[in-house]
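K.L.:
run.cif is reproduced in full below (mmCIF, C-alpha atoms).
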```cif
data_model
loop_
_atom_site.label_atom_id
_atom_site.label_comp_id
_atom_site.auth_asym_id
_atom_site.auth_seq_id
_atom_site.Cartn_x
_atom_site.Cartn_y
_atom_site.Cartn_z
CA MET A 3 4.05 12.40 -0.14
CA ASN A 4 4.58 11.83 3.57
CA GLU A 5 2.50 14.96 4.18
CA VAL A 6 -0.11 14.06 1.56
CA VAL A 7 -0.76 10.51 2.72
CA GLY A 8 -2.97 10.58 5.78
CA ARG A 9 -4.20 14.12 5.06
CA ASP A 10 -5.69 14.06 1.54
CA ASP A 11 -7.86 11.68 -0.41
CA LEU A 12 -6.09 9.92 -3.28
CA LEU A 13 -7.16 9.16 -6.85
CA LEU A 14 -5.37 6.96 -9.36
CA LEU A 15 -7.06 7.17 -12.77
CA THR A 16 -5.52 4.98 -15.44
CA LEU A 17 -6.63 5.80 -18.96
CA ASP A 18 -6.11 2.29 -20.23
CA THR A 19 -4.23 2.04 -23.55
CA LEU A 20 -3.91 5.82 -24.10
CA ARG A 21 -1.13 6.79 -26.51
CA TYR A 22 1.14 9.68 -25.57
CA ASP A 23 1.10 11.28 -29.03
CA VAL A 24 -2.69 11.31 -29.21
CA ALA A 25 -2.99 12.77 -25.71
CA VAL A 26 -0.52 15.55 -26.54
CA GLU A 27 -2.12 16.40 -29.88
CA LEU A 28 -5.62 16.67 -28.43
CA ALA A 29 -4.43 18.77 -25.49
CA ALA A 30 -2.62 21.19 -27.81
CA ALA A 31 -5.66 21.45 -30.07
CA GLY A 32 -7.97 22.41 -27.21
CA ARG A 33 -9.94 19.17 -27.46
CA LEU A 34 -9.43 18.14 -23.80
CA PRO A 35 -10.58 21.21 -21.85
CA ASN A 36 -11.47 19.41 -18.63
CA LEU A 37 -8.23 17.45 -18.36
CA VAL A 38 -5.99 20.28 -19.52
CA ALA A 39 -7.48 22.58 -16.89
CA HIS A 40 -5.71 20.45 -14.27
CA LEU A 41 -2.48 19.46 -16.03
CA PRO A 42 0.48 21.51 -14.75
CA GLY A 43 1.28 23.94 -17.54
CA GLY A 44 -1.62 22.49 -19.51
CA THR A 45 0.57 19.71 -20.88
CA TRP A 46 1.10 15.99 -20.37
CA GLU A 47 4.41 14.67 -19.08
CA ARG A 48 6.14 12.12 -21.32
CA ARG A 49 6.91 8.93 -19.42
CA HIS A 50 7.76 5.28 -19.98
CA ALA A 51 5.24 2.65 -18.93
CA PRO A 52 6.29 0.01 -16.37
CA GLY A 53 4.66 -2.69 -18.52
CA ASN A 54 3.39 -3.13 -22.06
CA PHE A 55 -0.06 -4.48 -21.21
CA THR A 56 -2.63 -3.89 -18.50
CA TYR A 57 -1.89 -6.69 -16.04
CA ALA A 58 1.88 -6.22 -15.96
CA SER A 59 1.69 -2.44 -15.77
CA HIS A 60 -0.86 -2.34 -12.96
CA GLN A 61 1.00 -4.93 -10.90
CA ALA A 62 4.02 -2.63 -11.12
CA MET A 63 2.07 0.54 -10.36
CA PHE A 64 0.39 -1.01 -7.34
CA ALA A 65 3.89 -1.87 -6.09
CA GLY A 66 4.84 1.82 -6.36
CA PHE A 67 6.39 1.81 -9.83
CA LEU A 68 4.40 4.49 -11.65
CA PRO A 69 5.40 5.40 -15.22
CA THR A 70 9.01 6.64 -15.25
CA PRO A 71 9.98 10.09 -16.59
CA ALA A 72 11.35 9.64 -20.12
CA SER A 73 14.75 11.13 -19.35
CA PRO A 74 17.92 9.79 -17.72
CA GLY A 75 17.44 9.11 -14.01
CA PRO A 76 17.32 7.95 -11.35
CA HIS A 77 13.92 9.48 -10.66
CA PRO A 78 12.66 9.48 -7.05
CA ARG A 79 9.25 7.85 -6.75
CA LEU A 80 6.10 9.06 -5.02
CA PHE A 81 5.51 5.67 -3.36
CA ALA A 82 7.80 2.75 -2.64
CA ALA A 83 7.81 -0.47 -0.67
CA ARG A 84 10.58 -0.58 1.90
CA PHE A 85 13.45 -2.18 0.03
CA ALA A 86 17.12 -2.09 0.97
CA GLY A 87 19.28 -0.45 -1.68
CA SER A 88 16.45 1.19 -3.63
CA GLU A 89 17.91 4.04 -5.70
CA THR A 90 14.54 5.67 -6.35
CA THR A 91 13.35 5.96 -2.74
CA ALA A 92 13.98 9.47 -1.42
CA GLY A 93 13.03 11.54 1.61
CA ARG A 94 9.87 12.76 -0.15
CA THR A 95 8.79 9.21 -1.01
CA TYR A 96 5.97 7.61 0.97
CA VAL A 97 7.39 4.24 2.05
CA PHE A 98 5.08 1.38 2.97
CA ASP A 99 5.86 -1.92 4.69
CA THR A 100 3.25 -4.07 2.94
CA PRO A 101 3.71 -5.88 -0.41
CA ASP A 102 1.71 -3.26 -2.32
CA LEU A 103 0.58 0.35 -2.10
CA VAL A 104 -3.10 -0.57 -1.78
CA SER A 105 -2.66 -2.54 1.42
CA GLY A 106 -0.12 0.04 2.60
CA LEU A 107 -2.75 2.77 2.33
CA ALA A 108 -5.35 0.54 3.99
CA ALA A 109 -2.94 0.15 6.91
CA ARG A 110 -2.89 3.96 7.18
CA GLY A 111 -6.67 4.02 7.51
CA TYR A 112 -7.68 4.61 3.90
CA ARG A 113 -10.74 2.97 2.42
CA THR A 114 -9.38 1.36 -0.75
CA VAL A 115 -11.83 1.11 -3.66
CA CYS A 116 -11.36 -0.27 -7.16
CA ILE A 117 -13.68 0.57 -10.06
CA GLY A 118 -12.64 -1.83 -12.78
CA GLY A 119 -12.81 -1.50 -16.52
CA VAL A 120 -10.91 -3.89 -18.81
CA GLY A 121 -11.07 -7.66 -18.41
CA PHE A 122 -8.28 -7.94 -15.85
CA PHE A 123 -10.66 -6.27 -13.36
CA ASN A 124 -13.90 -8.12 -14.18
CA LYS A 125 -13.60 -10.71 -11.37
CA GLN A 126 -14.76 -13.39 -13.84
CA GLY A 127 -12.31 -16.19 -13.20
CA ALA A 128 -9.21 -16.36 -11.04
CA LEU A 129 -7.03 -14.01 -13.09
CA GLY A 130 -9.74 -11.34 -13.26
CA GLY A 131 -9.84 -11.28 -9.46
CA VAL A 132 -6.15 -10.72 -8.73
CA LEU A 133 -5.95 -6.94 -9.16
CA PRO A 134 -9.37 -6.06 -7.68
CA GLY A 135 -8.58 -8.49 -4.86
CA LEU A 136 -5.97 -6.04 -3.56
CA PHE A 137 -8.74 -3.63 -2.56
CA GLU A 138 -11.14 -3.66 0.37
CA GLU A 139 -13.98 -2.85 -2.03
CA SER A 140 -14.16 -3.48 -5.77
CA HIS A 141 -16.77 -2.88 -8.45
CA TRP A 142 -17.18 -4.18 -11.98
CA GLU A 143 -20.18 -4.64 -14.21
CA ALA A 144 -20.69 -5.12 -17.92
CA GLU A 145 -21.50 -1.44 -18.39
CA PHE A 146 -17.91 -0.62 -17.28
CA SER A 147 -16.35 -2.89 -19.91
CA VAL A 148 -14.59 -2.23 -23.21
CA ALA A 149 -17.75 -3.21 -25.08
CA SER A 150 -19.87 -0.45 -23.55
CA PRO A 151 -20.15 2.91 -25.39
CA THR A 152 -21.06 4.52 -22.05
CA SER A 153 -18.40 2.83 -19.92
CA PHE A 154 -16.73 5.89 -18.41
CA GLU A 155 -19.89 7.74 -17.43
CA ALA A 156 -21.11 4.54 -15.74
CA GLN A 157 -17.80 4.23 -13.88
CA VAL A 158 -17.98 7.86 -12.79
CA ALA A 159 -21.53 7.33 -11.49
CA ARG A 160 -20.22 4.44 -9.40
CA ALA A 161 -17.43 6.67 -8.06
CA GLU A 162 -19.93 9.38 -7.13
CA LYS A 163 -21.97 6.81 -5.22
CA THR A 164 -18.88 5.50 -3.44
CA VAL A 165 -17.87 8.98 -2.29
CA ALA A 166 -21.41 9.84 -1.17
CA GLU A 167 -21.63 6.70 0.98
CA LEU A 168 -18.39 7.32 2.90
CA PRO A 169 -18.34 8.99 6.32
CA LEU A 170 -16.76 12.43 6.02
CA ARG A 171 -13.84 11.52 8.28
CA GLN A 172 -12.92 8.44 6.23
CA ARG A 173 -9.93 8.92 3.92
CA LEU A 174 -10.34 7.38 0.46
CA PHE A 175 -8.00 5.86 -2.11
CA LEU A 176 -10.01 5.43 -5.28
CA PHE A 177 -8.59 3.61 -8.29
CA LEU A 178 -10.48 3.76 -11.57
CA ASN A 179 -9.40 1.90 -14.72
CA ALA A 180 -11.06 3.68 -17.65
CA SER A 181 -11.72 1.13 -20.40
CA ALA A 182 -13.12 3.45 -23.10
CA LEU A 183 -9.86 3.83 -25.05
CA HIS A 184 -9.22 0.11 -25.30
CA GLN A 185 -10.40 -1.67 -28.41
CA PRO A 186 -13.16 -1.72 -29.49
CA ASN A 187 -13.43 2.08 -29.50
CA TRP A 188 -14.84 2.71 -33.01
CA PHE A 189 -18.27 3.57 -31.58
CA HIS A 190 -16.93 6.81 -30.04
CA LEU A 191 -16.40 8.41 -33.47
CA PRO A 192 -19.57 9.52 -35.28
CA GLY A 193 -19.80 7.80 -38.64
CA ALA A 194 -17.39 4.98 -37.80
CA THR A 195 -18.64 1.41 -38.13
CA ARG A 196 -17.75 -1.98 -36.75
CA GLU A 197 -16.58 -2.92 -40.25
CA THR A 198 -14.14 -0.01 -40.51
CA GLY A 199 -12.93 -0.85 -37.00
CA ASP A 200 -10.66 1.01 -34.61
CA SER A 201 -8.12 3.61 -35.65
CA ARG A 202 -6.00 6.39 -34.24
CA ALA A 203 -8.99 8.70 -34.90
CA THR A 204 -11.44 6.54 -32.94
CA HIS A 205 -8.84 6.32 -30.15
CA ALA A 206 -8.79 10.13 -30.06
CA ALA A 207 -12.59 10.28 -30.02
CA ALA A 208 -12.62 7.95 -27.02
CA LEU A 209 -10.29 10.30 -25.15
CA GLU A 210 -12.59 13.23 -25.94
CA TYR A 211 -15.46 11.14 -24.56
CA ILE A 212 -13.55 10.63 -21.30
CA ASP A 213 -12.79 14.35 -21.09
CA ARG A 214 -16.49 15.18 -21.32
CA HIS A 215 -17.18 13.24 -18.11
CA VAL A 216 -13.95 13.46 -16.10
CA GLY A 217 -15.02 16.72 -14.46
CA ARG A 218 -17.70 14.82 -12.55
CA LEU A 219 -15.06 12.43 -11.20
CA PHE A 220 -12.77 15.26 -10.13
CA ALA A 221 -15.68 17.07 -8.49
CA ALA A 222 -16.68 13.99 -6.52
CA MET A 223 -13.14 13.31 -5.36
CA SER A 224 -12.68 16.90 -4.14
CA SER A 225 -16.12 17.21 -2.56
CA ARG A 226 -14.95 16.25 0.95
CA ARG A 227 -11.34 17.47 1.17
CA ARG A 228 -8.33 18.07 -1.04
CA CYS A 229 -7.47 15.16 -3.30
CA PHE A 230 -4.11 14.21 -4.78
CA ALA A 231 -4.78 12.84 -8.26
CA ILE A 232 -2.58 10.78 -10.56
CA VAL A 233 -3.83 10.49 -14.14
CA CYS A 234 -1.85 8.38 -16.56
CA SER A 235 -1.89 5.65 -19.14
CA ASP A 236 -0.73 2.16 -18.27
CA HIS A 237 0.55 1.54 -21.82
CA GLY A 238 -0.15 2.71 -25.34
CA THR A 239 -1.25 0.75 -28.37
CA ALA A 240 -0.24 0.54 -32.04
CA TYR A 241 -2.49 1.21 -35.01
CA GLY A 242 -0.28 -0.05 -37.80
CA ASP A 243 2.81 1.83 -36.56
CA ASP A 244 5.79 0.25 -38.37
CA GLY A 245 3.50 -2.68 -39.12
CA TYR A 246 2.51 -3.27 -35.47
CA THR A 247 -1.03 -3.46 -34.16
CA GLY A 248 -2.13 -3.69 -30.52
CA HIS A 249 0.07 -3.87 -27.43
CA ARG A 250 2.02 -6.39 -25.32
CA LEU A 251 4.88 -5.61 -27.66
CA GLY A 252 7.98 -3.41 -27.57
CA HIS A 253 7.09 -0.48 -29.84
CA ASP A 254 7.46 3.18 -28.81
CA SER A 255 3.70 3.71 -29.31
CA VAL A 256 3.20 1.17 -26.50
CA TRP A 257 6.02 2.09 -24.12
CA THR A 258 5.57 5.89 -24.20
CA VAL A 259 2.64 7.18 -22.13
CA PRO A 260 1.15 10.44 -20.86
CA TYR A 261 1.30 11.14 -17.14
CA SER A 262 0.31 13.89 -14.72
CA HIS A 263 -0.28 14.41 -11.02
CA PHE A 264 -1.91 17.38 -9.33
CA PHE A 265 -4.08 18.46 -6.43
CA LEU A 266 -7.84 18.82 -6.70
CA GLU A 267 -8.75 21.57 -4.28
CA PRO A 268 -11.90 21.00 -2.19
CA THR A 269 -15.15 22.32 -3.58
CA VAL A 270 -16.76 22.82 -0.18
#
```
Do you think you could lay out the structure here as structure tokens?

P.N.:
Amino acid sequence: MNEVVGRDDLLLLTLDTLRYDVAVELAAAGRLPNLVAHLPGGTWERRHAPGNFTYASHQAMFAGFLPTPASPGPHPRLFAARFAGSETTAGRTYVFDTPDLVSGLAARGYRTVCIGGVGFFNKQGALGGVLPGLFEESHWEAEFSVASPTSFEAQVARAEKTVAELPLRQRLFLFLNASALHQPNWFHLPGATRETGDSRATHAAALEYIDRHVGRLFAAMSSRRRCFAIVCSDHGTAYGDDGYTGHRLGHDSVWTVPYSHFFLEPTV
């Protein structure tokens, strides 16, 4: 990462609330062609989330604690704050001297941009301003929210505009929190109704919706130079698993998440 940072643009795309099992099933069934085209080996990596709800998980990720490989470690990290005695900081780790990765990248000359999704990024009230407040530039509007059936395509349009407005020489760290998978997501499945509500099937339909538009995001982020992309879930969610519903709880459907990182080669 010490070679990547400063050379390439960076993308962190969190697919908020995405379950690992749903992501794996859809990839294997050929229902995520645009994502699978970039996943190494065409498969998701199984990892453990650093938190069991959006705020906690993103605070950890912005401190350098991305989802951890779901196997015995220690596992060297891509990014880490300088911290004496850290067992997961290795020679290939990009170490920053600021309290968080976002400001660390800004100190290296990156333009840091947040495109929010779920309520913790809506800047409505003090708590909703904490995470976007880490960035030099942040965007949120109602069309990006969990209530919008067109949230991801609206977020991608904002990302395209952001990239187009940047000087070519300016390195970019773009963070996008995709809200489409978070409840309510029933409107992504044809025939589903508000009364029938969300389900594992509507969750899957929301992921297919994201896949239909993610190619535009990848194209924008690789339009100026090579981009290093991290695509992952921040936590999963339960749909009646062992009697549990939702997240911010300690069930495997919440703690186990899909993860991948890869390069997007420039399209110019």

K.L.:
Run the PyMOL selection byres ((chain A and resi 205) around 8) mentally over the shown coordinates, then write out the matched residues as a VMD selection string, using the chain letters and numbers from the document.

P.N.:
chain A and resid 20 24 183 to 184 187 to 188 200 to 204 206 to 209

K.L.:
Please write the residues from the selection above to a file, keeping C-alpha atoms, as a PDB file, in the coordinates of the input.

P.N.:
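Below is the file that was written, part_8.pdb:
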```pdb
ATOM      1  CA  LEU A  20      -3.910   5.820 -24.100  1.00  0.00           C
ATOM      2  CA  VAL A  24      -2.690  11.310 -29.210  1.00  0.00           C
ATOM      3  CA  LEU A 183      -9.860   3.830 -25.050  1.00  0.00           C
ATOM      4  CA  HIS A 184      -9.220   0.110 -25.300  1.00  0.00           C
ATOM      5  CA  ASN A 187     -13.430   2.080 -29.500  1.00  0.00           C
ATOM      6  CA  TRP A 188     -14.840   2.710 -33.010  1.00  0.00           C
ATOM      7  CA  ASP A 200     -10.660   1.010 -34.610  1.00  0.00           C
ATOM      8  CA  SER A 201      -8.120   3.610 -35.650  1.00  0.00           C
ATOM      9  CA  ARG A 202      -6.000   6.390 -34.240  1.00  0.00           C
ATOM     10  CA  ALA A 203      -8.990   8.700 -34.900  1.00  0.00           C
ATOM     11  CA  THR A 204     -11.440   6.540 -32.940  1.00  0.00           C
ATOM     12  CA  ALA A 206      -8.790  10.130 -30.060  1.00  0.00           C
ATOM     13  CA  ALA A 207     -12.590  10.280 -30.020  1.00  0.00           C
ATOM     14  CA  ALA A 208     -12.620   7.950 -27.020  1.00  0.00           C
ATOM     15  CA  LEU A 209     -10.290  10.300 -25.150  1.00  0.00           C
TER      16      LEU A 209
END
```

K.L.:
Carefully work through the PyMOL selection byres ((chain A and resi 122) around 8) for this structure and note down the residues it includes, as an MDAnalysis selection string.

P.N.:
chainID A and resid 56:57 119:121 123:125 129:133

K.L.:
Which of these residues is nearest to A:Ala180, using all atoms listed in the file: A:Ser59, A:Thr100, A:Ser235, A:Ser73?

P.N.:
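Comparing A:Ser59, A:Thr100, A:Ser235, A:Ser73 against A:Ala180, the winner is A:Ser235.
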
K.L.:
With only C-alpha atoms as the basis for distance, which of A:Ala194, A:Ala231, A:Ala92, A:Leu80 is at the shortest distance from A:Met63?

P.N.:
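Of A:Ala194, A:Ala231, A:Ala92, A:Leu80, the one nearest A:Met63, counting only C-alpha atoms, is A:Leu80.
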
K.L.:
Go through A:Glu167, A:Glu155, A:Glu197, A:Asp244 one by one, measure the shortest atom-to-atom distance of each to A:Val216 using only C-alpha atoms, and give the residue with the smallest value.

P.N.:
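Smallest separation from A:Val216 among the options: A:Glu155.
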
K.L.:
Between A:Gly111, A:Gly252, A:Pro42, A:Pro69, single out the one closest to A:Gln172, counting all atoms listed in the file.

P.N.:
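Checking each candidate against A:Gln172, we get A:Gly111 as the closest.
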
K.L.:
My list of candidates is A:Ile117, A:Ala166, A:Ala30, A:Val256. Which is closest to A:Glu143 when distances are computed with all atoms listed in the file?

P.N.:
A:Ile117
